[in-house]
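Next comes protein_33.txt, with compact mmCIF, C-alpha atoms and all ligand atoms.
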# COMPACT_ATOMS: atom_id res chain seq x y z
CA MET A 1 23.47 -13.23 1.08
CA ILE A 2 19.81 -13.12 1.96
CA ASP A 3 19.09 -14.95 5.19
CA PHE A 4 15.66 -16.52 5.66
CA GLU A 5 16.20 -16.90 9.41
CA LEU A 6 14.42 -14.09 11.26
CA THR A 7 16.27 -12.32 14.04
CA ASP A 8 14.87 -12.46 17.58
CA GLU A 9 13.66 -8.88 17.15
CA GLN A 10 11.93 -9.70 13.86
CA ARG A 11 10.24 -12.72 15.40
CA LEU A 12 9.01 -10.61 18.28
CA VAL A 13 7.76 -7.85 15.97
CA ARG A 14 5.93 -10.44 13.87
CA GLU A 15 4.32 -12.11 16.88
CA THR A 16 3.24 -8.75 18.24
CA ALA A 17 1.77 -7.76 14.88
CA ARG A 18 0.00 -11.11 14.63
CA ASP A 19 -1.55 -10.67 18.08
CA PHE A 20 -2.51 -7.09 17.20
CA ALA A 21 -4.17 -8.20 13.95
CA ASP A 22 -6.08 -11.01 15.68
CA GLY A 23 -7.00 -8.94 18.74
CA GLU A 24 -7.74 -5.50 17.30
CA ILE A 25 -8.37 -5.82 13.56
CA VAL A 26 -10.11 -9.14 12.92
CA PRO A 27 -12.92 -8.50 15.45
CA VAL A 28 -13.99 -5.26 13.68
CA VAL A 29 -13.20 -5.94 10.05
CA ARG A 30 -16.56 -7.33 8.98
CA ASP A 31 -18.57 -4.52 10.56
CA ASN A 32 -16.29 -1.86 9.09
CA ASP A 33 -16.58 -3.50 5.68
CA ARG A 34 -20.36 -3.72 5.86
CA ALA A 35 -20.72 -0.15 7.11
CA GLU A 36 -18.09 1.22 4.68
CA ARG A 37 -16.57 2.77 7.81
CA PHE A 38 -13.09 4.30 7.93
CA ASP A 39 -12.24 3.23 11.47
CA THR A 40 -10.44 6.17 13.07
CA GLU A 41 -10.18 4.29 16.38
CA LEU A 42 -8.27 1.55 14.64
CA VAL A 43 -6.06 4.14 12.91
CA LYS A 44 -5.21 5.51 16.35
CA LYS A 45 -4.27 2.02 17.53
CA LEU A 46 -2.07 1.52 14.45
CA GLY A 47 -0.33 4.76 15.36
CA ASP A 48 0.06 3.74 19.01
CA MET A 49 1.74 0.52 17.86
CA GLY A 50 4.21 2.53 15.78
CA TYR A 51 2.91 0.94 12.58
CA LEU A 52 2.47 4.23 10.71
CA GLY A 53 6.14 5.13 10.69
CA SER A 54 7.98 1.91 11.29
CA ILE A 55 10.72 2.59 8.69
CA VAL A 56 11.10 6.26 9.65
CA ALA A 57 14.19 7.16 11.71
CA GLU A 58 13.64 7.40 15.45
CA GLU A 59 14.75 11.04 15.54
CA TYR A 60 11.61 11.90 13.53
CA GLY A 61 9.28 9.79 15.65
CA GLY A 62 9.51 6.54 13.71
CA ARG A 63 10.67 3.12 14.88
CA GLY A 64 13.73 2.97 12.65
CA LEU A 65 12.99 -0.58 11.52
CA ASP A 66 14.37 -2.10 8.34
CA TYR A 67 12.23 -3.02 5.34
CA ARG A 68 12.19 -6.73 6.09
CA THR A 69 10.74 -6.08 9.52
CA TYR A 70 8.29 -3.53 8.11
CA GLY A 71 7.19 -6.21 5.61
CA LEU A 72 6.40 -8.61 8.48
CA ILE A 73 4.16 -6.01 10.11
CA VAL A 74 2.40 -5.19 6.84
CA GLU A 75 1.81 -8.88 6.12
CA GLU A 76 0.03 -9.35 9.44
CA VAL A 77 -2.04 -6.18 9.11
CA GLY A 78 -2.90 -7.23 5.55
CA ARG A 79 -4.04 -10.66 6.71
CA GLY A 80 -6.39 -8.89 9.10
CA ASP A 81 -7.77 -6.18 6.84
CA SER A 82 -6.54 -4.65 3.59
CA SER A 83 -8.30 -1.38 4.42
CA ALA A 84 -6.19 -1.03 7.58
CA ARG A 85 -3.17 -2.16 5.59
CA THR A 86 -3.84 0.60 3.07
CA VAL A 87 -3.59 3.14 5.90
CA VAL A 88 -0.20 1.70 6.87
CA SER A 89 1.07 1.56 3.28
CA VAL A 90 -0.02 5.05 2.25
CA GLN A 91 1.01 6.74 5.47
CA THR A 92 4.36 4.97 5.81
CA SER A 93 5.55 4.26 2.29
CA LEU A 94 4.03 6.99 0.17
CA VAL A 95 3.84 9.89 2.60
CA CYS A 96 6.40 9.46 5.40
CA SER A 97 9.13 7.88 3.30
CA SER A 98 8.82 10.65 0.68
CA ILE A 99 9.11 13.36 3.30
CA GLU A 100 12.01 11.61 4.99
CA ARG A 101 13.88 11.08 1.72
CA TRP A 102 13.17 14.38 -0.03
CA GLY A 103 12.22 16.81 2.74
CA THR A 104 14.21 19.57 4.38
CA GLU A 105 14.92 19.27 8.11
CA GLY A 106 12.13 21.79 8.67
CA GLN A 107 9.60 19.73 6.68
CA LYS A 108 10.65 16.52 8.39
CA HIS A 109 10.32 17.97 11.88
CA GLU A 110 7.05 19.66 11.01
CA TRP A 111 5.27 16.58 9.67
CA LEU A 112 6.95 13.27 10.49
CA PRO A 113 6.39 13.07 14.28
CA ARG A 114 2.66 13.71 13.85
CA LEU A 115 2.39 11.34 10.90
CA CYS A 116 4.24 8.54 12.69
CA THR A 117 1.83 8.59 15.63
CA GLY A 118 -1.24 8.95 13.43
CA GLU A 119 -2.11 12.29 15.01
CA ALA A 120 -2.09 13.53 11.43
CA LEU A 121 -2.82 11.47 8.34
CA GLY A 122 -1.32 12.13 4.94
CA CYS A 123 -2.40 11.35 1.40
CA PHE A 124 -0.60 10.98 -1.92
CA GLY A 125 -2.05 13.05 -4.74
CA LEU A 126 -0.55 11.72 -7.95
CA THR A 127 -3.39 10.11 -9.92
CA GLU A 128 -5.89 12.30 -11.78
CA PRO A 129 -9.12 11.64 -13.65
CA ASN A 130 -7.15 11.48 -16.92
CA THR A 131 -3.76 10.40 -15.57
CA GLY A 132 -3.18 6.90 -14.25
CA SER A 133 -0.42 4.73 -15.69
CA ASP A 134 1.08 7.66 -17.62
CA ALA A 135 1.97 9.32 -14.34
CA ALA A 136 4.21 12.02 -15.81
CA ASN A 137 1.39 13.47 -17.87
CA LEU A 138 -0.34 15.52 -15.15
CA SER A 139 -2.95 18.19 -15.78
CA THR A 140 -2.61 19.76 -12.33
CA ARG A 141 -0.68 23.00 -12.73
CA ALA A 142 1.52 24.92 -10.33
CA THR A 143 2.24 28.52 -11.26
CA ARG A 144 4.58 30.91 -9.49
CA THR A 145 3.22 33.66 -7.26
CA ASP A 146 5.04 36.24 -5.13
CA GLY A 147 7.00 33.98 -2.79
CA GLY A 148 5.28 30.74 -3.61
CA TRP A 149 3.00 28.73 -5.86
CA SER A 150 -0.64 28.52 -6.86
CA ILE A 151 -1.88 25.01 -7.58
CA SER A 152 -5.02 24.05 -9.50
CA GLY A 153 -6.30 20.64 -10.59
CA GLN A 154 -8.12 17.45 -9.68
CA LYS A 155 -6.81 14.27 -8.06
CA GLN A 156 -8.65 10.94 -8.21
CA TRP A 157 -8.72 7.68 -6.15
CA ILE A 158 -6.81 9.24 -3.28
CA SER A 159 -6.71 7.02 -0.19
CA MET A 160 -7.39 8.94 3.05
CA GLY A 161 -8.07 12.13 1.11
CA ASN A 162 -11.01 13.06 3.34
CA TYR A 163 -9.05 12.57 6.58
CA ALA A 164 -5.57 13.76 5.64
CA LYS A 165 -4.10 16.86 7.24
CA VAL A 166 -1.42 17.04 4.58
CA ALA A 167 -1.53 16.07 0.93
CA LEU A 168 1.46 15.38 -1.27
CA VAL A 169 0.32 17.06 -4.47
CA PHE A 170 2.16 16.45 -7.73
CA ALA A 171 1.82 19.24 -10.28
CA GLN A 172 3.31 20.40 -13.55
CA THR A 173 5.24 23.66 -13.38
CA ASP A 174 6.22 23.77 -17.06
CA PRO A 175 4.34 21.59 -19.55
CA GLY A 176 7.17 21.99 -22.09
CA LYS A 177 9.48 20.03 -19.78
CA ALA A 178 7.26 16.94 -19.48
CA HIS A 179 8.28 14.81 -16.46
CA ARG A 180 11.22 17.13 -15.72
CA GLY A 181 8.79 19.97 -15.00
CA LEU A 182 6.94 18.15 -12.22
CA ALA A 183 7.10 19.25 -8.61
CA CYS A 184 5.71 17.81 -5.41
CA PHE A 185 4.12 20.06 -2.77
CA LEU A 186 3.20 19.45 0.85
CA VAL A 187 -0.22 21.01 1.00
CA PRO A 188 -2.04 21.36 4.35
CA THR A 189 -5.57 20.28 3.54
CA ASP A 190 -7.12 23.22 5.39
CA THR A 191 -5.60 25.62 2.86
CA ASP A 192 -8.17 27.80 1.04
CA GLY A 193 -9.23 26.25 -2.26
CA PHE A 194 -8.54 22.63 -1.20
CA SER A 195 -11.50 20.29 -0.95
CA ALA A 196 -12.10 16.54 -0.87
CA SER A 197 -15.14 14.40 -1.58
CA SER A 198 -15.77 10.69 -0.96
CA ILE A 199 -15.90 8.02 -3.63
CA HIS A 200 -18.46 5.31 -2.84
CA GLY A 201 -19.56 2.06 -4.44
CA LYS A 202 -16.19 0.29 -4.39
CA LEU A 203 -15.97 -3.47 -4.96
CA GLY A 204 -13.60 -3.81 -2.01
CA LEU A 205 -11.53 -1.80 0.46
CA ARG A 206 -14.81 -0.61 1.87
CA GLY A 207 -13.24 0.27 5.18
CA SER A 208 -10.78 2.51 3.39
CA ASP A 209 -11.39 6.18 2.67
CA THR A 210 -11.10 7.02 -1.02
CA ALA A 211 -11.44 10.58 -2.24
CA GLU A 212 -11.42 12.93 -5.14
CA LEU A 213 -9.39 16.07 -4.42
CA SER A 214 -10.01 19.44 -5.92
CA LEU A 215 -7.46 22.26 -5.82
CA ASP A 216 -8.72 25.65 -6.89
CA ALA A 217 -5.87 28.18 -6.89
CA VAL A 218 -4.44 26.72 -3.68
CA GLU A 219 -1.60 29.01 -2.55
CA VAL A 220 1.43 27.56 -0.83
CA PRO A 221 4.77 29.13 0.11
CA GLU A 222 8.06 28.18 -1.55
CA GLU A 223 8.94 26.01 1.49
CA ALA A 224 5.99 23.72 0.70
CA MET A 225 7.90 22.12 -2.16
CA LEU A 226 9.31 18.65 -1.50
CA GLY A 227 12.63 18.53 -3.34
CA GLU A 228 13.26 20.93 -6.20
CA VAL A 229 11.29 21.93 -9.26
CA GLY A 230 11.71 18.97 -11.60
CA ASP A 231 12.13 16.41 -8.81
CA GLY A 232 8.40 15.60 -8.71
CA PHE A 233 8.52 12.52 -10.92
CA LYS A 234 11.45 11.08 -8.97
CA VAL A 235 9.66 11.74 -5.69
CA ALA A 236 6.65 9.84 -7.06
CA MET A 237 8.66 6.91 -8.43
CA SER A 238 10.76 6.53 -5.28
CA ALA A 239 7.57 6.62 -3.20
CA LEU A 240 6.10 3.90 -5.39
CA ASP A 241 9.23 1.77 -4.90
CA SER A 242 8.29 1.71 -1.23
CA GLY A 243 4.51 1.65 -1.77
CA ARG A 244 4.62 -1.32 -4.14
CA PHE A 245 6.69 -3.24 -1.60
CA SER A 246 4.08 -2.51 1.03
CA VAL A 247 1.16 -3.56 -1.20
CA ALA A 248 3.02 -6.77 -2.01
CA ALA A 249 3.65 -7.50 1.67
CA GLY A 250 -0.04 -6.92 2.42
CA CYS A 251 -0.95 -9.38 -0.32
CA VAL A 252 1.29 -12.02 1.28
CA GLY A 253 -1.01 -11.55 4.26
CA ILE A 254 -4.07 -12.15 2.07
CA CYS A 255 -2.47 -15.30 0.62
CA GLN A 256 -1.65 -16.58 4.10
CA GLY A 257 -5.14 -15.72 5.33
CA CYS A 258 -6.58 -17.77 2.47
CA VAL A 259 -4.42 -20.75 3.41
CA ASP A 260 -5.34 -20.49 7.09
CA ALA A 261 -9.08 -20.11 6.45
CA SER A 262 -9.17 -22.89 3.85
CA VAL A 263 -7.20 -25.41 5.92
CA SER A 264 -9.39 -24.78 8.92
CA TYR A 265 -12.63 -25.02 6.93
CA ALA A 266 -11.54 -28.08 4.95
CA LYS A 267 -10.76 -29.97 8.15
CA GLU A 268 -14.13 -29.18 9.70
CA ARG A 269 -16.46 -29.47 6.75
CA GLU A 270 -17.53 -33.04 6.02
CA GLN A 271 -18.94 -34.44 2.81
CA PHE A 272 -19.27 -38.05 1.69
CA GLY A 273 -18.53 -39.01 5.31
CA ARG A 274 -15.09 -37.39 5.41
CA PRO A 275 -13.60 -33.94 6.01
CA ILE A 276 -13.23 -32.30 2.60
CA ALA A 277 -9.51 -31.88 3.42
CA ALA A 278 -9.26 -35.59 2.60
CA PHE A 279 -10.17 -35.01 -1.04
CA GLN A 280 -7.33 -34.62 -3.52
CA LEU A 281 -8.97 -31.85 -5.51
CA VAL A 282 -9.40 -29.79 -2.33
CA GLN A 283 -5.80 -30.46 -1.34
CA GLU A 284 -4.70 -29.33 -4.80
CA MET A 285 -6.36 -25.95 -4.27
CA ILE A 286 -4.79 -25.63 -0.83
CA ALA A 287 -1.36 -26.70 -2.11
CA ASP A 288 -1.54 -24.03 -4.85
CA MET A 289 -2.37 -21.43 -2.20
CA VAL A 290 0.54 -22.53 -0.01
CA VAL A 291 2.95 -22.26 -2.94
CA ASP A 292 1.60 -18.81 -3.85
CA ALA A 293 1.97 -17.58 -0.26
CA ASP A 294 5.51 -18.93 0.06
CA ALA A 295 6.66 -17.63 -3.31
CA ALA A 296 5.10 -14.19 -2.75
CA ARG A 297 6.72 -13.96 0.68
CA ALA A 298 10.13 -14.94 -0.69
CA LEU A 299 9.89 -12.24 -3.38
CA VAL A 300 8.84 -9.64 -0.81
CA TRP A 301 11.69 -10.60 1.50
CA ARG A 302 14.15 -10.38 -1.40
CA ALA A 303 12.91 -6.89 -2.31
CA GLY A 304 13.16 -5.87 1.35
CA TRP A 305 16.65 -7.28 1.63
CA LEU A 306 17.74 -5.31 -1.44
CA LYS A 307 16.27 -2.12 0.03
CA ASP A 308 17.97 -2.75 3.37
CA SER A 309 21.26 -3.38 1.57
CA GLY A 310 20.95 -0.13 -0.38
CA LYS A 311 20.97 -2.00 -3.70
CA PRO A 312 18.84 -1.12 -6.77
CA ASN A 313 15.46 -2.80 -6.36
CA THR A 314 12.86 -1.19 -8.63
CA THR A 315 12.59 -4.28 -10.88
CA GLU A 316 12.59 -6.74 -7.98
CA THR A 317 9.94 -4.64 -6.23
CA SER A 318 7.80 -4.79 -9.37
CA ILE A 319 8.32 -8.56 -9.52
CA ALA A 320 7.19 -8.91 -5.91
CA LYS A 321 4.23 -6.58 -6.44
CA LEU A 322 3.11 -8.31 -9.64
CA PHE A 323 3.38 -11.80 -8.22
CA ALA A 324 1.96 -11.13 -4.75
CA THR A 325 -1.05 -9.17 -5.96
CA GLU A 326 -1.99 -11.68 -8.66
CA ALA A 327 -1.38 -14.51 -6.18
CA ALA A 328 -3.73 -12.84 -3.69
CA VAL A 329 -6.52 -12.66 -6.27
CA ARG A 330 -5.90 -16.31 -7.29
CA SER A 331 -5.75 -17.53 -3.70
CA ALA A 332 -8.87 -15.66 -2.62
CA ASN A 333 -10.79 -17.03 -5.55
CA ALA A 334 -9.64 -20.58 -4.74
CA ALA A 335 -10.38 -20.07 -1.04
CA ILE A 336 -13.99 -19.26 -1.89
CA GLN A 337 -14.09 -22.47 -3.92
CA VAL A 338 -12.88 -24.47 -0.92
CA HIS A 339 -15.53 -22.84 1.28
CA GLY A 340 -18.34 -23.48 -1.23
CA GLY A 341 -21.51 -21.50 -0.55
CA SER A 342 -20.17 -20.43 2.86
CA GLY A 343 -17.34 -18.62 1.11
CA TYR A 344 -19.77 -16.42 -0.76
CA VAL A 345 -21.01 -14.62 2.35
CA ASP A 346 -19.07 -12.64 4.92
CA ASP A 347 -19.25 -15.16 7.78
CA TYR A 348 -15.78 -16.12 6.53
CA PRO A 349 -13.07 -13.69 5.43
CA VAL A 350 -12.51 -15.15 1.97
CA GLU A 351 -15.08 -13.20 -0.08
CA ARG A 352 -13.66 -9.97 1.38
CA TYR A 353 -10.17 -11.18 0.58
CA LEU A 354 -11.21 -11.46 -3.07
CA ARG A 355 -12.92 -8.06 -3.18
CA ASP A 356 -9.99 -6.40 -1.38
CA ALA A 357 -7.28 -8.18 -3.37
CA ARG A 358 -8.78 -7.09 -6.65
CA VAL A 359 -7.67 -3.47 -6.38
CA THR A 360 -4.08 -4.40 -5.61
CA THR A 361 -3.48 -5.40 -9.24
CA LEU A 362 -4.62 -1.89 -10.18
CA TYR A 363 -3.28 0.62 -7.69
CA GLU A 364 0.33 1.67 -7.27
CA GLY A 365 0.88 0.52 -10.83
CA THR A 366 -1.25 -2.04 -12.66
CA SER A 367 0.03 -5.55 -13.30
CA GLN A 368 0.58 -4.48 -16.90
CA ILE A 369 2.82 -1.57 -15.80
CA GLN A 370 4.81 -3.95 -13.56
CA LYS A 371 5.26 -6.31 -16.53
CA LEU A 372 6.50 -3.44 -18.70
CA ILE A 373 9.02 -2.44 -16.03
CA ILE A 374 10.18 -6.07 -15.71
CA GLY A 375 10.20 -6.52 -19.50
CA ARG A 376 12.27 -3.38 -19.99
CA ALA A 377 14.82 -4.60 -17.46
CA ALA A 378 14.99 -8.01 -19.13
CA THR A 379 15.26 -6.82 -22.73
CA GLY A 380 16.76 -3.38 -22.42
CA VAL A 381 13.94 -2.14 -24.64
CA ASN A 382 11.42 0.40 -23.31
CA ALA A 383 7.93 -0.57 -24.51
CA MET A 384 6.37 2.43 -22.73
CA THR A 385 7.64 5.16 -25.04
N1 LIG A 401 13.31 6.36 -8.22
C1 LIG A 401 13.82 7.59 -8.54
N2 LIG A 401 13.81 8.06 -9.80
C2 LIG A 401 13.28 7.28 -10.77
C3 LIG A 401 12.77 6.01 -10.49
C4 LIG A 401 12.79 5.56 -9.15
N3 LIG A 401 12.31 4.35 -8.85
N4 LIG A 401 12.31 5.47 -11.63
C5 LIG A 401 12.55 6.36 -12.61
N5 LIG A 401 13.14 7.46 -12.08
C6 LIG A 401 13.58 8.64 -12.82
C7 LIG A 401 14.51 8.23 -13.96
O1 LIG A 401 15.83 8.16 -13.50
C8 LIG A 401 14.31 9.36 -14.94
O2 LIG A 401 15.12 10.45 -14.54
P1 LIG A 401 15.72 11.50 -15.62
O3 LIG A 401 14.58 12.31 -16.09
O4 LIG A 401 16.71 12.29 -14.83
O5 LIG A 401 16.33 10.69 -16.71
C9 LIG A 401 12.87 9.75 -14.74
O6 LIG A 401 12.47 9.22 -13.46
C10 LIG A 401 11.97 9.18 -15.81
O7 LIG A 401 12.26 7.84 -15.97
P2 LIG A 401 11.56 6.95 -17.12
O8 LIG A 401 11.26 7.78 -18.33
O9 LIG A 401 12.38 5.73 -17.26
O10 LIG A 401 10.17 6.67 -16.50
P3 LIG A 401 9.75 5.33 -15.86
O11 LIG A 401 9.86 4.24 -16.86
O12 LIG A 401 10.43 5.11 -14.58
O13 LIG A 401 8.20 5.58 -15.59
C11 LIG A 401 6.20 4.35 -15.77
C12 LIG A 401 7.23 5.17 -16.51
C13 LIG A 401 5.05 4.03 -16.73
C14 LIG A 401 6.82 3.07 -15.27
C15 LIG A 401 5.71 5.18 -14.58
O14 LIG A 401 5.08 6.32 -15.05
C16 LIG A 401 4.80 4.40 -13.70
O15 LIG A 401 5.24 3.70 -12.79
N6 LIG A 401 3.47 4.53 -13.94
C17 LIG A 401 2.49 3.95 -13.07
C18 LIG A 401 2.13 4.99 -12.08
C19 LIG A 401 1.44 4.40 -10.91
O16 LIG A 401 1.89 3.43 -10.32
N7 LIG A 401 0.36 5.02 -10.56
C20 LIG A 401 -0.43 4.57 -9.48
C21 LIG A 401 -0.37 5.56 -8.38
S1 LIG A 401 -1.39 4.91 -7.15
S2 LIG A 401 -0.66 5.71 -5.63
Using the file provided, produce a representation of the structure as structure tokens.
Amino acid sequence: MIDFELTDEQRLVRETARDFADGEIVPVVRDNDRAERFDTELVKKLGDMGYLGSIVAEEYGGRGLDYRTYGLIVEEVGRGDSSARTVVSVQTSLVCSSIERWGTEGQKHEWLPRLCTGEALGCFGLTEPNTGSDAANLSTRATRTDGGWSISGQKQWISMGNYAKVALVFAQTDPGKAHRGLACFLVPTDTDGFSASSIHGKLGLRGSDTAELSLDAVEVPEEAMLGEVGDGFKVAMSALDSGRFSVAAGCVGICQGCVDASVSYAKEREQFGRPIAAFQLVQEMIADMVVDADAARALVWRAGWLKDSGKPNTTETSIAKLFATEAAVRSANAAIQVHGGSGYVDDYPVERYLRDARVTTLYEGTSQIQKLIIGRAATGVNAMT
């Protein structure tokens, strides 16, 4: 049975992550957001803490933690800054976990130690200009060469694409085979024909690097393939099982941050001769936020427990991701309401929480895709085909 009591180790990990978020992330988050700066110093600190490979086995340079403990770390980082949390989620869940699960010993030893410390960053090249929710329908092509593959195509909305040393690139090897023709390649980003450019003007996640990737006849050897030809879609979906968990855990952090900021503000701010915390309509907003944070956390912990127990968890991960991301948007919006005009400027974290939360209902599967996955599990009917 799932146990809500944290172990001594989990409590310690959470306290350490909380102190790290308050001491290293919160003091720089506003400036990074304003400057649209991808903070490489902070990335280094995340690596030094072991937060970029916490679920990776120790023999590959990770911390060998379980998912529940990883979720505690991600929650705290997410409370501090969703841009920093995106680094943790992409690096750990999409990149490292894919290499650890699907890679050969050679690939694991080549990439994981550097990725876990943050010496190298990775990115996850699935989405394309014309391929979002319909992830199997990729235009990027991989064609055989003597001893390897040539890859050509475009990738869009790729977190850390400008800083990554390795890109997981998903490509179609045989369009006639649909999703069974996909393959995933580990592409060093200094390979000829690979280029990345920045995407600016985002509503939120302004401290996060977002790129468009271009691959023009990028040649890689046979050993660059992660898994076999035809495994690409499964690599992507298994990565998203981990990535969606991580996004959900980060959104628990946003929900909790909204509660903390709103309680503190409501107790200080006085109107009509009383702290606004004394007004029932303000308490209602805070109570709704508390319920959202608790419920989101419980769903994340359940998904983590299922992962740690080796049980199927795709549906439960989608439930956690759907609920936590929508709850984060709701809570951030309500937190601004509690803060009044002060919540509309960046003296308080709540307007950033709203801008940063907004993308979480889009990336790593929209809320609508999560509902279709949940609906299929409930009814046995696939509404996606
Ligand atoms: N892990 C491993 N394999 C999986 C899997 C998982 N979680 N989910 C599905 N698969 C496998 C299935 O077993 C099936 O294998 P076979 O071909 O051997 O039968 C194959 O993948 C295809 O499965 P299916 O047709 O059922 O596809 P899905 O319903 O899983 O996928 C959706 C369809 C729309 C759900 C999927 O494309 C999706 O999640 N889209 C959103 C993509 C997304 O999140 N993009 C954002 C990226 S931002 S980083």
Taking only C-alpha atoms into account, name the residue in A:Ala278, A:Ile73, A:Ala249, A:Ile373 that is nearest to Glu316 in chain A.
A:Ile373
Given all atoms listed in the file, how would the per-residue table for chain A near ligand LIG 401 (chain A) read, listing every residue at most 7 Å away with its closest atom pair and distance in Å to one decimal, sorted by chain and number, as a tab-separated table?
residue	atom	partner	partner_atom	distance
A:Phe124	CA	A:LIG401	S2	6.4
A:Leu126	CA	A:LIG401	C21	6.2
A:Thr127	CA	A:LIG401	C21	5.7
A:Gly132	CA	A:LIG401	N7	5.4
A:Ser133	CA	A:LIG401	C17	4.0
A:Asp134	CA	A:LIG401	O14	4.9
A:Ala135	CA	A:LIG401	O14	4.4
A:Ala136	CA	A:LIG401	O14	5.8
A:His179	CA	A:LIG401	C10	6.8
A:Arg180	CA	A:LIG401	O3	5.9
A:Phe233	CA	A:LIG401	O6	5.7
A:Lys234	CA	A:LIG401	N2	3.9
A:Val235	CA	A:LIG401	C1	6.5
A:Met237	CA	A:LIG401	C4	4.4
A:Ser238	CA	A:LIG401	N1	3.9
A:Leu240	CA	A:LIG401	O16	6.5
A:Asp241	CA	A:LIG401	N3	5.6
A:Thr314	CA	A:LIG401	N3	5.6
A:Tyr363	CA	A:LIG401	S1	4.7
A:Glu364	CA	A:LIG401	S1	3.7
A:Gly365	CA	A:LIG401	O16	3.1
A:Thr366	CA	A:LIG401	O16	6.7
A:Ile369	CA	A:LIG401	C13	6.1
A:Ile373	CA	A:LIG401	C14	6.0
A:Met384	CA	A:LIG401	C13	6.3
Please, what is the axis-aligned box for every listed atom of range 195-206 of chain A with 5 Å on each side, as centre and edge lengths in Å to one decimal, as JSON?
{"center_x": -15.5, "center_y": 8.2, "center_z": -1.5, "size_x": 18.1, "size_y": 34.1, "size_z": 16.8}
Find the residues near Glu284 in chain A: any atom within 12 Å, counting all atoms listed in the file, skip ones fewer than 6 places away on the same chain, and give them as a list in words.
Val259, Ser262, Val263, Ala266, Ile276, Ala277, Ala278, Val290, Val291, Ser331, Ala334, Ala335, Gln337 and Val338 of chain A
Which residues of range 24-81 of chain A come within 9 Å of range 195-207 of chain A, and what is each one's closest atom pair and distance in Å (one decimal), counting only C-alpha atoms, sorted by chain and residue number, as JSON lines?
{"residue": "A:Val29", "atom": "CA", "partner": "A:Gly207", "partner_atom": "CA", "distance": 7.9}
{"residue": "A:Asp31", "atom": "CA", "partner": "A:Gly207", "partner_atom": "CA", "distance": 9.0}
{"residue": "A:Asn32", "atom": "CA", "partner": "A:Gly207", "partner_atom": "CA", "distance": 5.4}
{"residue": "A:Asp33", "atom": "CA", "partner": "A:Gly207", "partner_atom": "CA", "distance": 5.1}
{"residue": "A:Arg34", "atom": "CA", "partner": "A:Arg206", "partner_atom": "CA", "distance": 7.5}
{"residue": "A:Ala35", "atom": "CA", "partner": "A:Gly207", "partner_atom": "CA", "distance": 7.7}
{"residue": "A:Glu36", "atom": "CA", "partner": "A:Arg206", "partner_atom": "CA", "distance": 4.7}
{"residue": "A:Arg37", "atom": "CA", "partner": "A:Gly207", "partner_atom": "CA", "distance": 4.9}
{"residue": "A:Phe38", "atom": "CA", "partner": "A:Gly207", "partner_atom": "CA", "distance": 4.9}
{"residue": "A:Asp39", "atom": "CA", "partner": "A:Gly207", "partner_atom": "CA", "distance": 7.0}
{"residue": "A:Asp81", "atom": "CA", "partner": "A:Leu205", "partner_atom": "CA", "distance": 8.6}
Find the residues near Asp308 in chain A: any atom within 10 Å, counting all atoms listed in the file, skip ones fewer than 6 places away on the same chain, and give them as a short mmCIF file (atom, residue, chain, number, x, y, z; two decimals) with C-alpha atoms, in the coordinates of the input.
data_model
loop_
_atom_site.label_atom_id
_atom_site.label_comp_id
_atom_site.auth_asym_id
_atom_site.auth_seq_id
_atom_site.Cartn_x
_atom_site.Cartn_y
_atom_site.Cartn_z
CA LEU A 65 12.99 -0.58 11.52
CA ASP A 66 14.37 -2.10 8.34
CA TYR A 67 12.23 -3.02 5.34
CA ARG A 68 12.19 -6.73 6.09
CA ARG A 302 14.15 -10.38 -1.40
#
One decimal, Å: what's the distance from CA of Glu59 in chain A over to CA of Gln91 in chain A, could you say?
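Computing the Euclidean distance for CA of Glu59 in chain A and CA of Gln91 in chain A yields 17.6 Å.
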Choose the residue, out of A:Gln256, A:Thr191, A:Ser242, A:Gln156, that has the smallest atom-to-atom separation from Cys96 in chain A; count only C-alpha atoms.
A:Ser242
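With all atoms listed in the file as the atoms that count, the residue of A:Arg352, A:Lys165, A:Arg274, A:Arg79 with the shortest distance to Gly118 in chain A is A:Lys165.
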With distances taken over all atoms listed in the file, which residue among A:Glu222, A:Glu58, A:Glu75, A:Glu110 lies nearest Gly148 in chain A?
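Result for the nearest residue to Gly148 in chain A: A:Glu222.
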Using only C-alpha atoms, the residue out of A:Cys258, A:Ala328, A:Cys251, A:Ala378 with shortest distance to Tyr348 in chain A is A:Cys258
Identify which of the residues A:Thr317, A:Gln154, A:Thr360, A:Ser139 lies closest to Ile254 in chain A, counting all atoms listed in the file when measuring atom-to-atom distances.
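Smallest separation from Ile254 in chain A among the options: A:Thr360.
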If you count only C-alpha atoms, which residues fall within 9 Å of range 40-56 of chain A, apart from same-chain ones fewer than 2 positions away, as a ChimeraX atom specification?
/A:17,20,24-25,28,37-38,58-67,69-70,73-74,84,87-93,96-97,100,112-113,115-119
Tell me which residues come within 9 Å of (1.4, 16.7, -1.7), as a list of chain:residue names, counting only C-alpha atoms in the file's coordinates.
A:Val95, A:Gly122, A:Cys123, A:Phe124, A:Gly125, A:Leu126, A:Val166, A:Ala167, A:Leu168, A:Val169, A:Phe170, A:Ala171, A:Cys184, A:Phe185, A:Leu186, A:Val187, A:Pro188, A:Ala224, A:Met225, A:Leu226
CA of Gly80 in chain A to CA of Ala357 in chain A, distance in Å rounded to a single decimal
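Those two atoms sit 12.5 Å apart.
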Quote the spacing between CA of Ser318 in chain A and CA of Asn137 in chain A in Å to one decimal place.
21.1 Å
So which residues touch Ser309 in chain A within 10 Å, counting all atoms listed in the file, skipping near sequence neighbours fewer than 3 positions away, as a PyMOL selection string?
chain A and resi 2+66-67+303-306+312-313
